[in-house]
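What's in my_file.cif: mmCIF, C-alpha atoms
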```
data_start
#
loop_
_atom_site.label_atom_id
_atom_site.label_comp_id
_atom_site.auth_asym_id
_atom_site.auth_seq_id
_atom_site.Cartn_x
_atom_site.Cartn_y
_atom_site.Cartn_z
CA MET A 10 -57.27 27.85 98.19
CA ALA A 11 -59.63 28.17 95.25
CA ASN A 12 -56.89 29.92 93.33
CA ASP A 13 -54.22 27.38 94.17
CA PRO A 14 -53.15 25.79 90.84
CA ILE A 15 -51.82 22.72 92.63
CA HIS A 16 -55.01 21.97 94.49
CA GLN A 17 -56.45 20.15 91.47
CA PHE A 18 -53.79 17.43 91.82
CA GLN A 19 -54.59 16.77 95.47
CA ILE A 20 -55.53 13.21 96.21
CA SER A 21 -58.30 12.75 98.71
CA LYS A 22 -59.53 9.51 100.20
CA ILE A 23 -63.05 8.43 99.44
CA ILE A 24 -63.00 5.00 101.05
CA PRO A 25 -60.03 4.55 103.37
CA ILE A 26 -58.45 1.10 103.05
CA GLU A 27 -55.29 0.12 104.84
CA VAL A 28 -53.58 -3.25 104.49
CA GLY A 29 -50.42 -4.07 106.43
CA GLY A 30 -49.54 -0.48 107.09
CA LEU A 31 -49.87 0.48 103.40
CA ASP A 32 -52.54 2.90 102.30
CA PHE A 33 -54.66 1.37 99.54
CA SER A 34 -57.54 3.81 99.94
CA PHE A 35 -60.05 4.28 97.19
CA THR A 36 -59.30 7.90 96.31
CA ASN A 37 -60.49 10.46 93.79
CA SER A 38 -57.65 9.20 91.60
CA SER A 39 -59.01 5.64 91.84
CA LEU A 40 -62.47 6.96 91.09
CA PHE A 41 -61.27 8.57 87.87
CA MET A 42 -59.32 5.46 86.89
CA VAL A 43 -62.58 3.57 87.23
CA ALA A 44 -64.38 6.32 85.30
CA THR A 45 -61.75 6.23 82.55
CA VAL A 46 -62.02 2.47 82.17
CA ALA A 47 -65.80 2.56 82.38
CA ALA A 48 -66.11 5.34 79.82
CA ALA A 49 -63.67 3.76 77.36
CA SER A 50 -65.05 0.22 77.77
CA GLY A 51 -68.64 1.40 77.72
CA PHE A 52 -68.15 3.42 74.57
CA LEU A 53 -66.25 0.72 72.71
CA PHE A 54 -68.62 -2.01 73.86
CA LEU A 55 -71.92 -0.26 73.32
CA THR A 56 -71.10 1.31 69.98
CA THR A 57 -70.05 -2.01 68.49
CA SER A 58 -72.90 -4.10 69.93
CA ASN A 59 -74.91 -3.85 66.71
CA ARG A 60 -72.00 -5.24 64.70
CA GLY A 61 -73.31 -3.17 61.83
CA MET A 62 -72.15 -4.13 58.38
CA VAL A 63 -72.60 -0.44 57.61
CA PRO A 64 -71.31 1.26 60.76
CA SER A 65 -73.22 3.95 62.59
CA ARG A 66 -71.32 7.16 63.40
CA MET A 67 -70.43 5.97 66.88
CA GLN A 68 -69.43 2.53 65.67
CA SER A 69 -67.13 4.06 63.10
CA ILE A 70 -65.39 6.04 65.85
CA SER A 71 -64.62 2.76 67.61
CA GLU A 72 -63.48 1.25 64.33
CA MET A 73 -61.30 4.28 63.66
CA CYS A 74 -59.63 3.87 67.07
CA TYR A 75 -59.01 0.22 66.27
CA GLU A 76 -57.58 0.86 62.82
CA PHE A 77 -55.59 3.88 64.00
CA VAL A 78 -53.78 1.86 66.65
CA ALA A 79 -53.49 -1.20 64.41
CA SER A 80 -51.82 0.74 61.61
CA MET A 81 -49.60 2.55 64.11
CA LEU A 82 -48.43 -0.76 65.53
CA ARG A 83 -48.02 -2.39 62.12
CA ASP A 84 -45.95 0.54 60.87
CA GLY A 85 -43.89 0.72 64.06
CA ALA A 86 -43.26 -2.93 64.84
CA GLY A 87 -44.25 -4.88 61.72
CA SER A 88 -46.96 -7.52 61.51
CA ALA A 89 -45.20 -9.56 64.23
CA GLY A 90 -45.99 -6.69 66.57
CA MET A 91 -49.71 -7.37 66.27
CA ARG A 92 -49.44 -9.85 69.18
CA PHE A 93 -49.07 -6.75 71.39
CA PHE A 94 -52.10 -5.08 69.85
CA PRO A 95 -54.38 -5.47 72.91
CA MET A 96 -51.72 -3.93 75.13
CA VAL A 97 -50.97 -0.97 72.86
CA PHE A 98 -54.67 -0.40 72.24
CA SER A 99 -55.45 -0.51 75.98
CA LEU A 100 -52.60 1.88 76.76
CA PHE A 101 -53.63 4.31 74.06
CA MET A 102 -57.31 4.30 75.00
CA PHE A 103 -56.59 4.49 78.72
CA VAL A 104 -54.23 7.44 78.39
CA LEU A 105 -56.44 9.20 75.84
CA VAL A 106 -59.63 8.88 77.84
CA ALA A 107 -57.89 9.76 81.11
CA ASN A 108 -56.42 12.89 79.50
CA LEU A 109 -59.75 13.89 77.97
CA LEU A 110 -61.69 13.29 81.19
CA GLY A 111 -59.15 15.51 82.92
CA MET A 112 -60.28 18.37 80.68
CA PHE A 113 -63.64 18.56 82.46
CA PRO A 114 -63.71 21.22 85.16
CA TYR A 115 -63.40 19.74 88.67
CA PHE A 116 -62.35 16.39 87.25
CA PHE A 117 -59.17 14.72 88.40
CA THR A 118 -56.48 13.97 85.80
CA VAL A 119 -55.17 10.47 86.41
CA THR A 120 -52.18 10.94 84.12
CA SER A 121 -50.98 14.06 85.96
CA HIS A 122 -49.40 11.85 88.59
CA ILE A 123 -45.91 10.59 87.84
CA ILE A 124 -46.48 7.26 89.56
CA VAL A 125 -49.30 6.38 87.16
CA THR A 126 -47.39 7.28 84.00
CA PHE A 127 -44.27 5.63 85.38
CA ALA A 128 -46.17 2.44 86.08
CA LEU A 129 -47.49 2.43 82.51
CA ALA A 130 -43.98 3.09 81.15
CA ILE A 131 -42.56 0.27 83.28
CA LEU A 132 -45.28 -2.00 81.91
CA VAL A 133 -44.09 -1.19 78.38
CA ILE A 134 -40.37 -1.54 79.09
CA GLY A 135 -40.99 -4.63 81.21
CA THR A 136 -42.87 -6.20 78.32
CA VAL A 137 -40.04 -5.30 75.95
CA VAL A 138 -37.38 -6.81 78.23
CA VAL A 139 -39.31 -9.97 79.15
CA TYR A 140 -40.47 -10.68 75.60
CA GLY A 141 -37.04 -9.78 74.17
CA PHE A 142 -35.25 -12.30 76.36
CA MET A 143 -37.96 -14.92 75.86
CA LYS A 144 -37.84 -14.64 72.10
CA HIS A 145 -34.14 -14.04 71.47
CA GLY A 146 -32.45 -15.25 74.67
CA LEU A 147 -29.13 -13.51 75.12
CA GLY A 148 -29.40 -12.37 71.51
CA PHE A 149 -31.63 -9.62 72.83
CA LEU A 150 -28.46 -7.96 74.17
CA ASN A 151 -27.50 -7.29 70.53
CA LEU A 152 -29.84 -4.35 70.98
CA PHE A 153 -27.00 -2.59 72.75
CA VAL A 154 -24.37 -3.47 70.16
CA PRO A 155 -25.06 -1.63 66.92
CA SER A 156 -23.49 -3.27 63.90
CA GLY A 157 -20.72 -1.52 61.96
CA VAL A 158 -19.17 0.29 64.91
CA PRO A 159 -15.33 0.22 65.07
CA GLY A 160 -13.93 -1.89 67.94
CA MET A 161 -12.34 1.04 69.69
CA LEU A 162 -15.61 2.90 70.02
CA LEU A 163 -17.68 -0.12 70.89
CA PRO A 164 -17.53 0.14 74.73
CA LEU A 165 -18.52 3.77 74.57
CA VAL A 166 -21.37 3.14 72.14
CA VAL A 167 -22.63 0.22 74.22
CA LEU A 168 -22.57 2.41 77.32
CA ILE A 169 -24.58 5.12 75.53
CA GLU A 170 -27.07 2.53 74.24
CA VAL A 171 -27.54 1.09 77.74
CA ILE A 172 -28.08 4.52 79.24
CA SER A 173 -30.53 5.48 76.51
CA PHE A 174 -32.41 2.22 77.06
CA LEU A 175 -32.58 2.79 80.79
CA SER A 176 -33.77 6.35 80.36
CA ARG A 177 -36.68 5.24 78.18
CA PRO A 178 -39.14 4.50 80.99
CA ILE A 179 -38.23 7.81 82.59
CA SER A 180 -38.62 9.88 79.42
CA LEU A 181 -41.81 8.00 78.47
CA SER A 182 -43.42 8.63 81.86
CA VAL A 183 -42.12 12.15 82.49
CA ARG A 184 -43.22 13.36 79.06
CA LEU A 185 -46.85 12.43 79.64
CA PHE A 186 -46.90 13.45 83.29
CA ALA A 187 -45.18 16.82 82.73
CA ASN A 188 -47.39 17.70 79.79
CA MET A 189 -50.58 17.03 81.71
CA LEU A 190 -49.34 18.69 84.87
CA ALA A 191 -47.99 21.80 83.18
CA GLY A 192 -51.03 22.15 80.95
CA HIS A 193 -53.46 21.99 83.83
CA ILE A 194 -51.40 24.35 85.98
CA THR A 195 -51.18 26.90 83.14
CA LEU A 196 -54.89 26.66 82.52
CA LYS A 197 -55.65 27.12 86.19
CA VAL A 198 -53.22 30.05 86.53
CA PHE A 199 -54.73 31.94 83.61
CA ALA A 200 -58.26 31.17 84.75
CA GLY A 201 -57.23 32.43 88.20
CA PHE A 202 -56.15 35.75 86.64
CA VAL A 203 -59.62 36.21 85.24
CA THR A 204 -61.22 36.01 88.67
CA SER A 205 -58.57 37.99 90.54
CA LEU A 206 -58.52 40.77 87.93
CA GLY A 207 -62.30 40.77 87.72
CA ALA A 208 -62.44 41.46 91.45
CA LEU A 209 -60.58 44.75 90.95
CA GLY A 210 -63.49 46.64 89.44
CA ALA A 211 -64.29 48.01 86.02
CA LEU A 212 -60.69 48.37 84.87
CA GLY A 213 -59.92 44.93 86.14
CA ILE A 214 -62.82 43.42 84.22
CA GLY A 215 -61.46 45.07 81.05
CA GLY A 216 -58.05 43.67 81.84
CA ALA A 217 -59.47 40.23 82.50
CA ILE A 218 -60.39 39.82 78.85
CA LEU A 219 -56.84 38.96 77.87
CA PRO A 220 -56.37 36.04 80.28
CA LEU A 221 -59.90 34.88 79.41
CA VAL A 222 -58.94 34.69 75.75
CA MET A 223 -55.78 32.87 76.75
CA THR A 224 -57.78 30.41 78.83
CA VAL A 225 -60.05 29.63 75.90
CA ALA A 226 -57.08 29.20 73.57
CA LEU A 227 -55.24 27.06 76.10
CA THR A 228 -58.28 24.85 76.52
CA GLY A 229 -58.13 24.13 72.81
CA LEU A 230 -54.42 23.50 73.04
CA GLU A 231 -54.91 21.17 75.99
CA PHE A 232 -57.38 19.06 74.04
CA LEU A 233 -54.74 18.75 71.34
CA VAL A 234 -52.10 17.88 73.94
CA ALA A 235 -54.41 15.31 75.52
CA PHE A 236 -54.70 13.51 72.20
CA LEU A 237 -51.12 14.11 71.14
CA GLN A 238 -49.60 12.75 74.33
CA ALA A 239 -51.71 9.59 74.12
CA TYR A 240 -50.56 9.21 70.52
CA VAL A 241 -46.90 9.83 71.41
CA PHE A 242 -47.10 7.34 74.25
CA ALA A 243 -48.55 4.70 71.94
CA VAL A 244 -46.09 5.41 69.10
CA LEU A 245 -43.09 5.14 71.42
CA THR A 246 -44.53 1.94 72.84
CA CYS A 247 -44.65 0.57 69.29
CA MET A 248 -41.04 1.59 68.66
CA TYR A 249 -39.84 -0.01 71.88
CA LEU A 250 -41.76 -3.17 71.11
CA ASN A 251 -40.06 -3.20 67.73
CA ASP A 252 -36.75 -3.49 69.61
CA ALA A 253 -38.05 -6.54 71.45
CA LEU A 254 -39.15 -8.13 68.16
CA HIS A 255 -36.14 -7.18 66.05
CA PRO A 256 -33.20 -6.42 68.36
CA GLY A 257 -30.62 -6.52 65.55
CA HIS A 258 -31.25 -2.84 64.61
CA MET B 15 -50.27 42.72 86.83
CA LEU B 16 -50.24 39.50 84.85
CA VAL B 17 -46.58 38.92 85.50
CA THR B 18 -46.84 39.44 89.23
CA ALA B 19 -49.86 37.18 89.43
CA ALA B 20 -48.05 34.49 87.44
CA HIS B 21 -45.08 34.91 89.67
CA ALA B 22 -47.21 34.51 92.77
CA ALA B 23 -48.81 31.38 91.35
CA THR B 24 -45.48 29.82 90.51
CA GLU B 25 -44.14 30.71 93.90
CA GLN B 26 -47.11 29.08 95.47
CA ALA B 27 -46.48 25.95 93.41
CA ALA B 28 -42.81 26.01 94.31
CA GLU B 29 -43.68 26.38 97.98
CA HIS B 30 -45.87 23.30 97.75
CA ALA B 31 -43.02 21.37 96.17
CA ALA B 32 -40.61 22.61 98.80
CA GLU B 33 -42.93 21.63 101.59
CA GLY B 34 -42.97 18.11 100.18
CA ASN B 35 -46.70 17.94 99.75
CA PHE B 36 -46.69 18.59 96.01
CA PRO B 37 -49.31 15.93 95.30
CA PRO B 38 -47.66 14.12 92.35
CA PHE B 39 -44.52 13.56 94.41
CA ASP B 40 -46.30 12.56 97.59
CA SER B 41 -45.15 8.99 97.99
CA SER B 42 -47.78 8.18 100.58
CA THR B 43 -50.39 7.98 97.78
CA PHE B 44 -48.26 5.75 95.52
CA ALA B 45 -49.39 2.43 96.92
CA SER B 46 -53.03 3.27 96.48
CA GLN B 47 -52.56 4.66 92.98
CA LEU B 48 -50.51 1.65 91.88
CA LEU B 49 -53.05 -0.80 93.26
CA TRP B 50 -56.02 0.87 91.66
CA LEU B 51 -54.18 1.40 88.42
CA ALA B 52 -53.31 -2.29 88.35
CA ILE B 53 -56.92 -3.24 89.05
CA THR B 54 -58.54 -0.84 86.61
CA PHE B 55 -55.99 -1.13 83.82
CA GLY B 56 -55.84 -4.90 84.26
CA LEU B 57 -59.60 -5.19 83.91
CA PHE B 58 -59.54 -2.77 80.99
CA TYR B 59 -56.84 -4.84 79.28
CA LEU B 60 -58.77 -8.06 79.82
CA PHE B 61 -62.01 -6.52 78.56
CA MET B 62 -60.26 -5.09 75.51
CA SER B 63 -58.38 -8.25 74.61
CA ARG B 64 -61.23 -10.70 75.31
CA VAL B 65 -64.33 -8.83 74.19
CA VAL B 66 -63.92 -5.52 72.42
CA LEU B 67 -60.97 -6.08 70.12
CA PRO B 68 -62.10 -9.50 68.84
CA ARG B 69 -65.51 -7.99 68.23
CA ILE B 70 -64.26 -4.97 66.27
CA GLY B 71 -61.77 -7.22 64.49
CA SER B 72 -64.53 -9.58 63.42
CA ILE B 73 -66.72 -6.68 62.31
CA LEU B 74 -63.92 -5.37 60.10
CA GLU B 75 -63.07 -8.86 58.88
CA THR B 76 -66.67 -9.62 58.02
CA ARG B 77 -66.99 -6.35 56.19
CA ARG B 78 -63.79 -6.95 54.24
CA ASP B 79 -64.93 -10.49 53.34
CA ARG B 80 -68.35 -9.22 52.42
CA ILE B 81 -66.93 -6.52 50.16
CA ALA B 82 -64.58 -8.98 48.47
CA GLN B 83 -67.45 -11.44 48.06
CA ASP B 84 -69.73 -8.76 46.67
CA LEU B 85 -67.08 -7.66 44.21
CA ASN B 86 -66.62 -11.26 43.09
CA GLU B 87 -70.35 -11.67 42.79
CA ALA B 88 -70.59 -8.44 40.83
CA SER B 89 -67.88 -9.44 38.39
CA ARG B 90 -69.47 -12.89 38.02
CA LEU B 91 -72.85 -11.32 37.31
CA LYS B 92 -71.29 -8.90 34.86
CA GLU B 93 -69.70 -11.81 33.04
CA GLU B 94 -73.03 -13.59 32.99
CA ALA B 95 -74.72 -10.50 31.70
CA ASP B 96 -72.09 -10.14 29.00
CA GLN B 97 -72.59 -13.77 28.01
CA ALA B 98 -76.34 -13.36 28.00
CA PHE B 99 -76.00 -10.26 25.87
CA ALA B 100 -73.72 -12.05 23.43
CA ALA B 101 -76.14 -14.99 23.29
CA TYR B 102 -79.01 -12.60 22.74
CA GLU B 103 -77.20 -10.86 19.93
CA GLN B 104 -76.36 -14.20 18.36
CA GLU B 105 -79.95 -15.32 18.65
CA LEU B 106 -81.19 -12.05 17.25
CA ALA B 107 -78.88 -12.37 14.27
CA ASP B 108 -80.00 -16.00 13.75
CA ALA B 109 -83.62 -15.01 14.03
CA LYS B 110 -83.12 -12.18 11.57
CA SER B 111 -81.48 -14.38 8.98
CA LYS B 112 -84.10 -17.06 9.54
CA ALA B 113 -86.87 -14.54 9.15
CA HIS B 114 -85.23 -13.34 6.00
CA GLU B 115 -85.08 -16.89 4.68
CA ILE B 116 -88.68 -17.55 5.56
CA ALA B 117 -89.76 -14.34 3.94
CA GLN B 118 -87.75 -15.18 0.84
CA ALA B 119 -89.21 -18.68 0.69
CA ALA B 120 -92.71 -17.36 1.18
CA ARG B 121 -92.16 -14.76 -1.50
CA ASP B 122 -90.78 -17.40 -3.88
CA ALA B 123 -93.65 -19.77 -3.14
CA ALA B 124 -96.22 -17.06 -3.61
CA LYS B 125 -94.59 -16.02 -6.83
CA SER B 126 -94.45 -19.51 -8.26
CA ASP B 127 -98.06 -20.13 -7.17
CA ALA B 128 -99.09 -16.93 -8.86
CA ASP B 129 -97.14 -17.88 -11.96
CA ASP B 130 -98.75 -21.32 -12.03
CA GLU B 131 -102.16 -19.83 -11.53
CA ARG B 132 -101.61 -17.30 -14.22
CA ALA B 133 -100.27 -19.91 -16.60
CA LYS B 134 -103.25 -22.10 -15.86
CA VAL B 135 -105.68 -19.27 -16.28
CA GLU B 136 -103.96 -18.15 -19.44
CA ALA B 137 -104.00 -21.70 -20.78
CA ASP B 138 -107.67 -21.97 -19.86
CA VAL B 139 -108.47 -18.69 -21.48
CA ALA B 140 -106.49 -19.62 -24.57
CA GLY B 141 -108.33 -22.96 -24.76
CA LYS B 142 -111.69 -21.29 -24.42
CA LEU B 143 -110.72 -18.70 -26.97
CA GLU B 144 -109.65 -21.38 -29.39
CA LYS B 145 -112.82 -23.31 -28.83
CA ALA B 146 -114.86 -20.17 -29.25
CA GLU B 147 -112.99 -19.32 -32.43
CA ALA B 148 -113.49 -22.84 -33.69
CA GLU B 149 -117.19 -22.65 -32.89
CA ILE B 150 -117.40 -19.27 -34.54
CA ALA B 151 -115.60 -20.68 -37.56
CA ALA B 152 -117.91 -23.69 -37.62
CA VAL B 153 -120.97 -21.51 -37.28
CA LYS B 154 -119.66 -19.19 -39.93
CA LYS B 155 -118.89 -22.08 -42.22
CA LYS B 156 -122.26 -23.59 -41.63
CA ALA B 157 -123.92 -20.23 -42.10
CA LEU B 158 -121.98 -19.64 -45.28
CA ALA B 159 -122.92 -23.09 -46.44
CA GLU B 160 -126.55 -22.40 -45.78
CA VAL B 161 -126.42 -18.98 -47.41
CA GLY B 162 -126.52 -20.60 -50.93
CA ALA B 163 -129.53 -22.76 -50.08
CA ILE B 164 -131.38 -19.80 -48.52
CA ALA B 165 -130.49 -17.64 -51.51
CA ALA B 166 -131.66 -20.37 -53.91
CA ASP B 167 -134.90 -20.77 -51.96
CA THR B 168 -135.41 -17.05 -51.82
CA THR B 169 -134.56 -16.76 -55.53
CA ALA B 170 -136.98 -19.57 -56.37
CA ALA B 171 -139.67 -17.82 -54.33
CA ILE B 172 -138.92 -14.46 -55.97
CA VAL B 173 -138.80 -16.03 -59.46
CA SER B 174 -142.10 -17.81 -58.91
CA GLN B 175 -143.63 -14.67 -57.61
CA LEU B 176 -142.28 -12.48 -60.41
CA ILE B 177 -142.55 -14.67 -63.37
CA GLY B 178 -144.59 -17.61 -62.17
CA GLY B 179 -143.53 -21.20 -62.83
CA THR B 180 -140.61 -22.96 -61.41
CA VAL B 181 -136.96 -23.13 -62.07
CA THR B 182 -134.91 -26.22 -61.58
CA LYS B 183 -132.90 -26.55 -58.61
CA ALA B 184 -129.63 -26.97 -60.46
CA LYS B 185 -130.20 -23.78 -62.44
CA LEU B 186 -130.99 -21.83 -59.35
CA ASN B 187 -127.89 -22.97 -57.58
CA ALA B 188 -125.72 -22.10 -60.52
CA ALA B 189 -127.28 -18.67 -60.78
CA VAL B 190 -126.88 -17.93 -57.06
CA LYS B 191 -123.38 -19.10 -57.17
CA ALA B 192 -122.62 -16.95 -60.18
CA ALA B 193 -124.25 -13.95 -58.50
CA ALA B 194 -122.28 -14.46 -55.26
CA GLU B 195 -119.06 -14.80 -57.20
CA GLY B 196 -119.93 -11.81 -59.38
CA ARG B 197 -120.63 -9.71 -56.30
CA ASP B 198 -117.27 -10.65 -54.81
#
```

As structure tokens, the full file:
Amino acid sequence: MANDPIHQFQISKIIPIEVGGLDFSFTNSSLFMVATVAAASGFLFLTTSNRGMVPSRMQSISEMCYEFVASMLRDGAGSAGMRFFPMVFSLFMFVLVANLLGMFPYFFTVTSHIIVTFALAILVIGTVVVYGFMKHGLGFLNLFVPSGVPGMLLPLVVLIEVISFLSRPISLSVRLFANMLAGHITLKVFAGFVTSLGALGALGIGGAILPLVMTVALTGLEFLVAFLQAYVFAVLTCMYLNDALHPGH
Amino acid sequence: MLVTAAHAATEQAAEHAAEGNFPPFDSSTFASQLLWLAITFGLFYLFMSRVVLPRIGSILETRRDRIAQDLNEASRLKEEADQAFAAYEQELADAKSKAHEIAQAARDAAKSDADDERAKVEADVAGKLEKAEAEIAAVKKKALAEVGAIAADTTAAIVSQLIGGTVTKAKLNAAVKAAAEGRD
């Protein structure tokens, strides 16, 4: 079981809670959600508590996160998009810290479960739809009608636009989920080679060097992916919010 | 070796998926995950939007204001410094020309004083010289005038000593006079 690459995604109950037949247990997943939020909040809160005019190193990390997301949102959705800044910032920090926490050995990766990433994606698309209709009324449907398309092609183009819009929450959630899942499985598989080859004796130990090198390299790659996927998630959120703000293409 | 091991691992994963207990697709855990995600992410969102983001925003705002203010202050001070420097230069130039004037006036005054003094001294000296010359002339004149009388007396004394008897005063005078003129 120790070598099972899927075992790391197993959810185990810590405090069983059941309400009306539904299982709301506090699990290892819940524990790491709490840890993610606590780590991110704690870092951002404590490093900025001095409100230094000249920032300390840690404070400037928090400021960099703030300005990174702010400029991402401003570039993606214009200054009107800044009303969604808390949401985009929370999403980015949550996904980033969850991904990075998942890199610790024996830690659970919250974002390696499709339901979590899907819920976050639905939050984004739900915000886009609700705000789009609130702001533009039925004008929001212009999103599906690109300007300058000949009348004959219009039904087809509208159909494609609708499908692409509906596939957004799926692509947004699957991208993050699949990256985290595949990365952790690969890492575990290669790390498993090291132990199983090492058990074969002297020759095996020599042969285990290759997967060990791979594991080290993959660990580096996974840190990159952890950051990159949080960034991609946030950038796409900004682009989708831009549709809610300016549906006229 | 590697390939077979990888194959085994993938097979194992596939078996899990086939059995329906591949954890990410196990729908029995969805309710719990969704609930706890909603709780934790909701709290995180609230904390970010109420506390952390306004705080970082205000830090950045304050810093931006402070920098702008400092730049303004710096340019104001530079302007002041420039003005002060210009005023200083002006004052220095004024002071220099004033000093020059004062020096010139002092030199002029000293010169005219010296001239006056010299003129006065010269006039004094000239007066004294004139007076001295006049005195000398008077003394000389008086001396010359008395020379005849002395000569006559001396002559009378000599005559009386040499030849005895007296000679009249008129004769003596005429003889002295004739002798003085003859000697000239």

request  = Could you please select, counting all atoms listed in the file, the residues of chain B within 9 Å of chain A and state them as a PyMOL selection string?
outcome  = chain B and resi 15-16+19-20+23-24+26-27+30+36-39+41-52+54-55+57-67+69-74+76-77+80

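You can rank A:Leu245, A:Val158, A:Val28, A:Val225 by their closest distance to Val137 in chain A using all atoms listed in the file, and at the top of that list sits A:Leu245.
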
task = Rounded to one decimal place, report the CA of Leu227 in chain A-CA of Asn188 in chain A distance in Å.
result =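 CA of Leu227 in chain A sits 12.8 Å away from CA of Asn188 in chain A.
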